[in-house]
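Participant: So that you have it, the file is my_file-v8.txt, and it contains compact mmCIF, C-alpha atoms:
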```
# COMPACT_ATOMS: atom_id res chain seq x y z
CA GLY A 1 75.35 102.25 94.48
CA VAL A 2 76.30 103.05 98.08
CA ILE A 3 78.44 99.90 98.48
CA GLY A 4 80.39 100.79 95.35
CA LEU A 5 81.02 104.33 96.60
CA LEU A 6 82.26 103.01 99.95
CA LYS A 7 84.59 100.56 98.19
CA LEU A 8 85.91 103.37 96.02
CA ARG A 9 86.51 105.55 99.08
CA VAL A 10 88.58 102.81 100.72
CA TYR A 11 90.45 102.20 97.47
CA CYS A 12 91.30 105.91 97.04
CA TRP A 13 92.45 106.12 100.67
CA LEU A 14 94.76 103.12 100.26
CA ARG A 15 96.10 104.47 96.99
CA GLU A 16 96.91 107.84 98.54
CA LYS A 17 98.70 106.18 101.47
CA MET A 18 100.76 103.98 99.14
CA LEU A 19 101.64 106.95 96.92
CA ALA A 20 102.63 109.02 99.95
CA SER A 21 104.89 106.22 101.18
CA ALA A 22 106.52 105.87 97.77
CA LEU A 23 107.14 109.62 97.51
CA SER A 24 108.57 109.65 101.01
CA LEU A 25 111.01 106.85 100.17
CA LEU A 26 112.07 108.53 96.94
CA SER A 27 112.62 111.86 98.62
CA GLY A 28 114.43 110.38 101.62
CA GLY A 29 117.00 108.66 99.42
CA GLY A 30 118.23 111.76 97.63
CA ALA A 31 117.23 114.75 99.72
CA SER A 32 119.14 116.15 102.64
CA ALA A 33 117.63 117.05 106.00
CA ALA A 34 117.78 120.73 105.07
CA GLN A 35 115.89 120.12 101.84
CA GLN A 36 113.23 118.06 103.62
CA ALA A 37 112.63 120.93 106.05
CA ARG A 38 111.73 123.31 103.23
CA TYR A 39 108.28 123.82 101.77
CA HIS A 40 106.78 123.73 98.31
CA LYS A 41 106.42 127.13 96.68
CA ASN A 42 103.69 128.24 94.32
CA ALA A 43 105.24 130.08 91.35
CA PHE A 44 102.15 132.31 91.13
CA PRO A 45 101.94 134.59 94.21
CA PRO A 46 98.53 135.00 95.91
CA GLY A 47 96.43 137.93 94.75
CA GLU A 48 98.38 138.38 91.53
CA ARG A 49 96.64 139.42 88.31
CA LEU A 50 96.49 136.79 85.56
CA ASP A 51 95.69 136.64 81.85
CA LEU A 52 93.70 133.86 80.19
CA ARG A 53 93.92 132.96 76.50
CA VAL A 54 92.13 130.12 74.72
CA TYR A 55 93.14 129.06 71.20
CA LEU A 56 91.75 126.44 68.82
CA SER A 57 93.81 124.23 66.53
CA GLU A 58 93.60 120.92 64.70
CA ARG A 59 96.72 119.57 66.42
CA PRO A 60 97.24 118.55 70.06
CA ARG A 61 100.31 120.80 70.29
CA PHE A 62 100.00 124.51 69.71
CA ARG A 63 102.81 126.84 68.70
CA ASP A 64 101.30 129.10 66.01
CA PHE A 65 100.74 132.13 68.24
CA ASN A 66 101.61 134.69 65.56
CA ASN A 67 98.99 133.52 63.02
CA THR A 68 96.16 132.55 65.39
CA GLU A 69 93.89 134.83 67.39
CA PRO A 70 92.53 133.54 70.70
CA ILE A 71 88.80 132.81 70.76
CA TRP A 72 88.74 134.10 74.33
CA HIS A 73 91.09 136.52 76.06
CA VAL A 74 90.47 137.75 79.60
CA SER A 75 92.84 140.04 81.49
CA GLY A 76 92.96 140.93 85.15
CA LEU A 77 91.90 137.58 86.62
CA LEU A 78 92.62 137.38 90.32
CA HIS A 79 94.66 134.51 91.72
CA ALA A 80 92.48 133.97 94.79
CA ASN A 81 89.82 131.62 96.11
CA ASP A 82 87.15 134.33 95.97
CA ALA A 83 87.90 135.47 92.42
CA PRO A 84 84.71 136.03 90.38
CA GLN A 85 83.81 133.50 87.71
CA GLN A 86 84.20 134.48 84.05
CA SER A 87 82.18 133.02 81.18
CA THR A 88 81.29 133.59 77.55
CA THR A 89 79.90 131.75 74.53
CA VAL A 90 81.53 131.75 71.10
CA GLN A 91 80.53 130.28 67.75
CA VAL A 92 83.05 127.96 66.10
CA PRO A 93 82.74 127.53 62.32
CA VAL A 94 82.24 123.99 61.00
CA THR A 95 85.03 123.23 58.55
CA GLY A 96 85.52 120.40 56.11
CA HIS A 97 88.14 119.04 58.47
CA LEU A 98 85.51 118.58 61.20
CA ILE A 99 82.97 117.02 58.85
CA ALA A 100 85.64 114.56 57.64
CA ASN A 101 86.01 113.16 61.18
CA GLY A 102 88.81 115.59 62.00
CA SER A 103 89.88 116.65 65.48
CA LEU A 104 89.85 120.03 67.14
CA PHE A 105 91.64 120.98 70.35
CA ALA A 106 91.28 123.86 72.77
CA HIS A 107 94.55 125.20 74.18
CA ALA A 108 94.15 127.27 77.33
CA PHE A 109 97.01 129.38 78.68
CA ILE A 110 97.06 131.26 81.97
CA THR A 111 99.98 133.63 82.42
CA ARG A 112 101.03 136.13 85.02
CA GLU A 113 99.94 139.61 84.00
CA GLY A 114 102.06 141.04 81.22
CA ARG A 115 103.64 137.73 80.28
CA SER A 116 103.27 135.93 76.95
CA PRO A 117 102.56 132.20 76.47
CA ASP A 118 104.60 132.20 73.25
CA PRO A 119 108.08 130.68 73.81
CA ALA A 120 109.34 132.75 70.86
CA ALA A 121 108.39 136.03 72.57
CA THR A 122 111.80 137.14 73.79
CA GLY A 123 111.65 139.17 76.97
CA SER A 124 108.00 138.50 77.84
CA TYR A 125 107.97 134.70 77.99
CA ASP A 126 108.80 132.87 81.19
CA PRO A 127 108.08 129.11 81.46
CA TRP A 128 107.37 129.52 85.18
CA ALA A 129 104.88 132.29 84.50
CA THR A 130 102.67 130.16 82.24
CA THR A 131 100.44 127.17 82.96
CA THR A 132 98.54 125.45 80.18
CA LEU A 133 95.96 122.79 79.35
CA THR A 134 94.93 121.07 76.11
CA GLN A 135 91.45 119.60 75.80
CA ALA A 136 89.88 117.72 72.87
CA LEU A 137 86.56 119.21 71.74
CA VAL A 138 85.64 116.40 69.32
CA VAL A 139 84.92 112.87 70.53
CA HIS A 140 83.69 109.84 68.61
CA GLY A 141 80.90 107.54 69.67
CA ALA A 142 77.43 106.26 68.91
CA ARG A 143 74.71 108.86 68.48
CA PRO A 144 73.00 109.54 71.86
CA GLU A 145 69.29 108.78 72.01
CA PRO A 146 66.70 111.27 73.31
CA LEU A 147 65.65 110.57 76.89
CA GLY A 148 62.36 112.45 76.80
CA LEU A 149 63.47 115.11 79.29
CA ARG A 150 61.13 118.08 79.70
CA LYS A 151 61.09 121.30 81.69
CA LEU A 152 59.06 120.96 84.87
CA THR A 153 57.57 124.46 84.63
CA THR A 154 56.47 124.55 80.98
CA GLY A 155 56.56 120.91 79.86
CA GLU A 156 58.67 121.85 76.85
CA PRO A 157 61.38 119.41 75.70
CA ALA A 158 64.93 120.22 76.77
CA PRO A 159 66.88 122.11 74.04
CA TRP A 160 69.39 119.30 73.57
CA GLU A 161 66.54 116.81 73.19
CA GLU A 162 65.38 118.67 70.07
CA GLU A 163 68.92 118.54 68.68
CA LEU A 164 69.12 114.80 69.32
CA ARG A 165 65.80 114.20 67.57
CA ARG A 166 66.78 116.28 64.55
CA GLY A 167 70.10 114.47 64.32
CA ALA A 168 68.40 111.05 64.51
CA VAL A 169 65.93 112.00 61.78
CA ALA A 170 68.72 113.35 59.54
CA ALA A 171 70.77 110.19 60.05
CA ALA A 172 67.79 108.01 59.18
CA ILE A 173 67.13 109.99 55.99
CA ALA A 174 70.82 109.66 55.04
CA GLY A 175 70.61 105.88 55.58
CA GLN A 176 73.08 105.79 58.48
CA PRO A 177 72.70 102.87 60.93
CA PRO A 178 71.75 103.90 64.49
CA ASP A 179 74.89 102.36 66.03
CA ARG A 180 77.30 104.06 63.65
CA TRP A 181 80.03 106.01 65.38
CA VAL A 182 80.09 109.68 64.44
CA PRO A 183 82.12 112.68 65.63
CA HIS A 184 80.47 114.71 68.38
CA TRP A 185 81.09 118.26 69.49
CA LYS A 186 81.51 119.06 73.17
CA PRO A 187 79.63 122.34 73.57
CA ALA A 188 81.29 123.44 76.82
CA LEU A 189 84.76 123.91 78.25
CA HIS A 190 84.76 124.68 81.98
CA LEU A 191 88.23 125.65 83.18
CA SER A 192 89.27 125.83 86.82
CA LEU A 193 92.54 127.06 88.24
CA ILE A 194 93.51 125.13 91.38
CA VAL A 195 94.23 127.79 93.99
CA ASP A 196 96.63 126.50 96.62
CA PHE A 197 98.48 128.66 99.14
CA GLU A 198 98.95 126.04 101.85
CA PRO A 199 102.54 125.53 103.16
CA HIS A 200 103.14 121.95 102.01
CA GLU A 201 106.28 120.38 103.43
CA LEU A 202 108.63 119.31 100.69
CA PHE A 203 107.98 115.74 99.44
CA ARG A 204 105.67 114.92 102.37
CA GLY A 205 103.05 117.56 103.09
CA MET A 206 101.28 117.81 99.71
CA PRO A 207 98.19 115.62 99.08
CA PRO A 208 99.41 112.64 97.00
CA HIS A 209 96.68 112.85 94.35
CA TYR A 210 97.36 116.56 93.87
CA GLN A 211 101.14 116.05 93.69
CA HIS A 212 100.60 113.20 91.22
CA HIS A 213 98.81 115.55 88.80
CA LEU A 214 101.50 118.22 89.17
CA LEU A 215 104.24 115.70 88.42
CA GLN A 216 102.31 114.09 85.57
CA ARG A 217 101.75 117.47 83.91
CA ARG A 218 105.39 118.49 84.58
CA LEU A 219 104.35 121.50 86.63
CA MET A 220 106.75 120.89 89.53
CA ASP A 221 110.47 121.55 89.64
CA ARG A 222 113.03 119.51 91.56
CA ASP A 223 113.32 122.15 94.25
CA GLY A 224 109.57 121.92 95.00
CA THR A 225 108.46 125.00 93.08
CA TYR A 226 105.23 124.31 91.20
CA LYS A 227 102.88 126.08 88.82
CA PRO A 228 99.11 126.14 89.44
CA LEU A 229 97.19 123.25 87.93
CA LEU A 230 94.69 124.17 85.21
CA TYR A 231 91.81 121.70 85.29
CA SER A 232 88.99 120.98 82.82
CA ASN A 233 85.80 119.99 84.63
CA GLU A 234 84.50 117.19 82.41
CA LEU A 235 81.84 116.12 84.91
CA THR A 236 79.68 119.09 83.96
CA VAL A 237 79.72 118.25 80.22
CA MET A 238 76.99 115.63 79.94
CA ARG A 239 77.02 113.21 77.03
CA GLN A 240 73.41 114.01 76.18
CA HIS A 241 74.53 117.58 75.42
CA TRP A 242 76.97 116.50 72.72
CA LEU A 243 76.19 117.65 69.18
CA ALA A 244 76.68 115.25 66.27
CA ILE A 245 78.86 116.54 63.43
CA ASN A 246 77.93 115.15 60.02
CA ASP A 247 77.47 116.15 56.40
CA SER A 248 73.68 116.01 56.39
CA ALA A 249 71.45 118.84 55.22
CA VAL A 250 70.70 120.00 58.76
CA SER A 251 74.32 120.26 59.86
CA PRO A 252 75.00 123.74 61.25
CA THR A 253 77.63 126.04 59.84
CA GLU A 254 78.65 127.02 63.36
CA LEU A 255 78.85 125.16 66.66
CA PRO A 256 78.42 126.84 70.06
CA LEU A 257 81.18 126.65 72.64
CA GLU A 258 80.49 127.77 76.19
CA LEU A 259 83.66 128.86 77.97
CA SER A 260 84.05 129.52 81.66
CA TRP A 261 86.80 130.07 84.21
CA SER A 262 86.67 129.87 87.98
CA PRO A 263 89.01 129.18 90.92
CA MET A 264 88.86 125.82 92.67
CA GLY A 265 90.32 124.68 95.98
CA VAL A 266 92.45 121.58 96.41
CA LYS A 267 89.80 119.77 98.49
CA ARG A 268 87.09 120.31 95.89
CA PHE A 269 89.53 119.19 93.18
CA ALA A 270 90.13 115.97 95.13
CA TRP A 271 86.37 115.46 95.46
CA MET A 272 85.87 115.89 91.71
CA GLN A 273 88.66 113.40 90.99
CA GLN A 274 87.10 110.83 93.31
CA LEU A 275 83.72 111.30 91.62
CA GLU A 276 85.27 110.70 88.20
CA ALA A 277 86.99 107.54 89.46
CA SER A 278 83.76 106.39 91.12
CA PHE A 279 81.68 106.71 87.95
CA LYS A 280 84.34 104.97 85.87
CA MET A 281 84.56 102.10 88.38
CA ASN A 282 80.77 101.75 88.45
CA GLU A 283 80.71 101.42 84.67
CA ASP A 284 83.71 99.07 84.39
CA LYS A 285 83.31 96.83 87.45
CA LEU A 286 79.66 96.98 88.54
CA GLY A 287 78.03 96.89 85.11
CA ILE A 288 76.12 100.16 85.54
CA SER A 289 74.90 101.48 82.21
CA GLU A 290 76.22 104.72 80.79
CA LYS A 291 72.79 106.35 81.13
CA GLU A 292 72.54 105.45 84.83
CA SER A 293 76.06 106.67 85.44
CA GLU A 294 75.32 109.97 83.72
CA ASP A 295 72.09 110.44 85.68
CA MET A 296 74.01 109.92 88.92
CA ARG A 297 76.75 112.26 87.75
CA GLY A 298 74.21 114.97 86.99
CA MET A 299 72.76 114.58 90.47
CA PHE A 300 76.14 115.12 92.12
CA VAL A 301 77.32 117.90 89.82
CA HIS A 302 74.22 120.03 89.35
CA THR A 303 72.73 119.72 92.84
CA PRO A 304 73.82 122.35 95.40
CA PRO A 305 76.06 120.75 98.07
CA ALA A 306 73.76 121.79 100.95
CA LEU A 307 70.74 120.19 99.29
CA LEU A 308 72.75 117.10 98.37
CA TYR A 309 74.01 116.60 101.93
CA THR A 310 70.51 117.16 103.31
CA THR A 311 69.10 114.56 100.93
CA MET A 312 71.79 112.07 101.90
CA GLY A 313 71.13 112.71 105.59
CA VAL A 314 67.39 112.21 105.21
CA SER A 315 67.98 109.03 103.21
CA ALA A 316 70.30 107.69 105.92
CA VAL A 317 67.72 108.40 108.64
CA HIS A 318 64.99 106.78 106.54
CA LEU A 319 67.18 103.70 106.04
CA LEU A 320 67.82 103.55 109.79
CA PHE A 321 64.09 103.66 110.53
CA ASP A 322 63.47 100.89 107.97
CA VAL A 323 66.10 98.69 109.65
CA LEU A 324 64.63 99.35 113.10
CA ALA A 325 61.10 98.62 111.87
CA PHE A 326 62.25 95.39 110.24
CA GLN A 327 64.05 94.38 113.44
CA SER A 328 60.90 95.11 115.45
CA ASP A 329 58.83 92.95 113.10
CA LEU A 330 61.25 90.05 113.48
CA SER A 331 61.23 90.29 117.27
CA PHE A 332 57.41 90.41 117.30
CA TRP A 333 57.05 87.19 115.28
```
Would you put the structure from the file into structure tokens?
Facilitator:
Amino acid sequence: GVIGLLKLRVYCWLREKMLASALSLLSGGGASAAQQARYHKNAFPPGERLDLRVYLSERPRFRDFNNTEPIWHVSGLLHANDAPQQSTTVQVPVTGHLIANGSLFAHAFITREGRSPDPAATGSYDPWATTTLTQALVVHGARPEPLGLRKLTTGEPAPWEEELRRGAVAAAIAGQPPDRWVPHWKPALHLSLIVDFEPHELFRGMPPHYQHHLLQRRLMDRDGTYKPLLYSNELTVMRQHWLAINDSAVSPTELPLELSWSPMGVKRFAWMQQLEASFKMNEDKLGISEKESEDMRGMFVHTPPALLYTTMGVSAVHLLFDVLAFQSDLSFW
């Protein structure tokens, strides 16, 4: 619990310091004093209008722009921290490929207004005017079990609980063992564009974790120019919301996909990354079950920050009073 989070915080701090030192050494060996005095430059100017396109394909790489229509296309997005959130829900048909344990990928492209994400589009394509992300929508694992969650106001079961029960009944009728791995559909894709207009000094001023993602995704050029990072918020897609894909009689012909886009600051991005690392460490090192980890993740993700901080403050004060009371009892005896 709290001890594990504190250990993770120290670990992340040490990792960032070590990464910053390594980047500093690498940059110092090949960069001149004039280069080190320059700053990183965002290839997307602030306040610029952007276009968002999301495609679906069965392959992790997407190039078939001419024969594929985007499932979501939004124009006029604002490259700013206060840009309004966009969202929609689409229905994706269930194909034989999906039923046969096939994969399906979402390919999101954000371009500067008027630009095309298609490399074959002569005149309108610019690699530094396009940032992209590929996310798998089908994952394989054991069928989740219903947790008995109900709405506090009406007492009705949660909608996903009904889906889990129907899937379990259908699997039992089909003679499938409970621990059999089946393909699951992720019903949500929450995209965030990392908005960053801070003047980061070249090779030294950028947060190490943020620079690591830019370099890993090949979004940064040698001269320090970088494209905005497009991030998929997996913390908000709970495992209990997954939908099993099978060939039973109750399998749907269409699967819902909730799509959303919103801007995200660098600090919040770092916080989300630390949460993901914390939950993974709790599961791998501390032996916390997947259900407990998901419950904790839901508390951090779905609780408003003000309420979360207030709860943590009250808990800290309560713990302090317990320690003082225990100390008083010991001194009395």
Participant: With only C-alpha atoms as the basis for distance, which of A:Ala108, A:Leu215, A:Leu202, A:Met220 is at the shortest distance from Leu189 in chain A?
Facilitator: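 Looking only at the distances to Leu189 in chain A, the closest residue turns out to be A:Ala108.
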Participant: Could you tell me how far CA of Leu229 in chain A lies from CA of Thr122 in chain A, in Å and to one decimal?
Facilitator: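 Distance reported for this atom pair: 24.6 Å.
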Participant: Name the closest residue to Gln135 in chain A among the candidates A:Pro60, A:Gly123, A:Pro208, A:Gly76; distances are taken between atoms, counting only C-alpha atoms.
Facilitator: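 Of A:Pro60, A:Gly123, A:Pro208, A:Gly76, the one nearest Gln135 in chain A, counting only C-alpha atoms, is A:Pro60.
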Participant: As lines of an AutoDock Vina configuration file, please report the centre and edge lengths, rounded to one decimal in Å, of the axis-aligned box that holds all listed atoms of range 118-129 of chain A with 6 Å of padding on each of the six sides.
Facilitator:
```
center_x = 108.2
center_y = 134.1
center_z = 78.0
size_x = 19.2
size_y = 22.1
size_z = 26.3
```
Participant: Which value, in Å to one decimal, gives the distance between CA of His40 in chain A and CA of Gly224 in chain A?
Facilitator: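 According to the coordinates, CA of His40 in chain A and CA of Gly224 in chain A are separated by 4.7 Å.
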Participant: So which one's closest to Ala121 in chain A, A:Arg222, A:His73, A:Arg63, A:His241? Using all atoms listed in the file, please.
Facilitator: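 Going through A:Arg222, A:His73, A:Arg63, A:His241 one by one, the smallest distance to Ala121 in chain A is for A:Arg63.
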Participant: Would you work out the distance separating CA of Asp221 in chain A from CA of Phe109 in chain A, expressed in Å to one decimal?
Facilitator: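 Between these atoms lies a distance of 19.0 Å.
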Participant: Using only C-alpha atoms, find the one residue out of A:Leu259, A:Val323, A:Ala306, A:Leu50 that sits nearest to Thr88 in chain A.
Facilitator: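 Going through A:Leu259, A:Val323, A:Ala306, A:Leu50 one by one, the smallest distance to Thr88 in chain A is for A:Leu259.
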Participant: Which residues are close to Pro93 in chain A, i.e. within 10 Å by only C-alpha atoms, leaving aside same-chain residues fewer than 4 positions away? Reply as a list in words.
Facilitator: Leu98, Pro252, Thr253, Glu254, Leu255 and Pro256 of chain A
Participant: Would you mind exporting the chosen residues as a PDB file, in the coordinates of the input, restricted to C-alpha atoms?
Facilitator:
```pdb
ATOM      1  CA  LEU A  98      85.510 118.580  61.200  1.00  0.00           C
ATOM      2  CA  PRO A 252      75.000 123.740  61.250  1.00  0.00           C
ATOM      3  CA  THR A 253      77.630 126.040  59.840  1.00  0.00           C
ATOM      4  CA  GLU A 254      78.650 127.020  63.360  1.00  0.00           C
ATOM      5  CA  LEU A 255      78.850 125.160  66.660  1.00  0.00           C
ATOM      6  CA  PRO A 256      78.420 126.840  70.060  1.00  0.00           C
TER       7      PRO A 256
END
```
Participant: With distances taken over all atoms listed in the file, which of A:Leu230, A:Leu137, A:Ile110, A:Leu191 is nearest to Ala244 in chain A?
Facilitator: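 Closest to Ala244 in chain A, using all atoms listed in the file: A:Leu137.
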Participant: Which is closer to Tyr210 in chain A than all the others in A:His107, A:Arg180, A:His190, A:Lys267, using all atoms listed in the file?
Facilitator: A:Lys267
Participant: Write out as a PyMOL selection string which residues come within 9 Å of Ser124 in chain A when counting only C-alpha atoms, dropping same-chain ones fewer than 5 positions away.
Facilitator: chain A and resi 114-119
Participant: Excluding Trp261 in chain A and its own-chain neighbours fewer than 5 positions away, which residues fall within 10 Å of it when counting all atoms listed in the file? Please give them as a list of chain:residue names.
Facilitator: A:Leu52, A:Val74, A:Leu77, A:Ala83, A:Pro84, A:Gln85, A:Gln86, A:Ser87, A:Thr88, A:Leu189, A:His190, A:Leu191, A:Ser192, A:Leu193, A:Leu230, A:Tyr231, A:Ser232
Participant: Hey, can you spit out that residue selection with C-alpha atoms as a PDB file, in the frame of the given file?
Facilitator:
```pdb
ATOM      1  CA  LEU A  52      93.700 133.860  80.190  1.00  0.00           C
ATOM      2  CA  VAL A  74      90.470 137.750  79.600  1.00  0.00           C
ATOM      3  CA  LEU A  77      91.900 137.580  86.620  1.00  0.00           C
ATOM      4  CA  ALA A  83      87.900 135.470  92.420  1.00  0.00           C
ATOM      5  CA  PRO A  84      84.710 136.030  90.380  1.00  0.00           C
ATOM      6  CA  GLN A  85      83.810 133.500  87.710  1.00  0.00           C
ATOM      7  CA  GLN A  86      84.200 134.480  84.050  1.00  0.00           C
ATOM      8  CA  SER A  87      82.180 133.020  81.180  1.00  0.00           C
ATOM      9  CA  THR A  88      81.290 133.590  77.550  1.00  0.00           C
ATOM     10  CA  LEU A 189      84.760 123.910  78.250  1.00  0.00           C
ATOM     11  CA  HIS A 190      84.760 124.680  81.980  1.00  0.00           C
ATOM     12  CA  LEU A 191      88.230 125.650  83.180  1.00  0.00           C
ATOM     13  CA  SER A 192      89.270 125.830  86.820  1.00  0.00           C
ATOM     14  CA  LEU A 193      92.540 127.060  88.240  1.00  0.00           C
ATOM     15  CA  LEU A 230      94.690 124.170  85.210  1.00  0.00           C
ATOM     16  CA  TYR A 231      91.810 121.700  85.290  1.00  0.00           C
ATOM     17  CA  SER A 232      88.990 120.980  82.820  1.00  0.00           C
TER      18      SER A 232
END
```
Participant: Can you tell me which residues surround range 181-185 of chain A at a distance of at most 8 Å, considering all atoms listed in the file, apart from same-chain residues fewer than 3 positions away, and format the answer as a list in words?
Facilitator: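 With the cut-off at 8 Å, the set is Asn101, Leu137, Val138, Val139, His140, Gly141, Ala142, Arg143, Trp242, Leu243, Ala244, Ile245, Asn246 and Leu255 of chain A.
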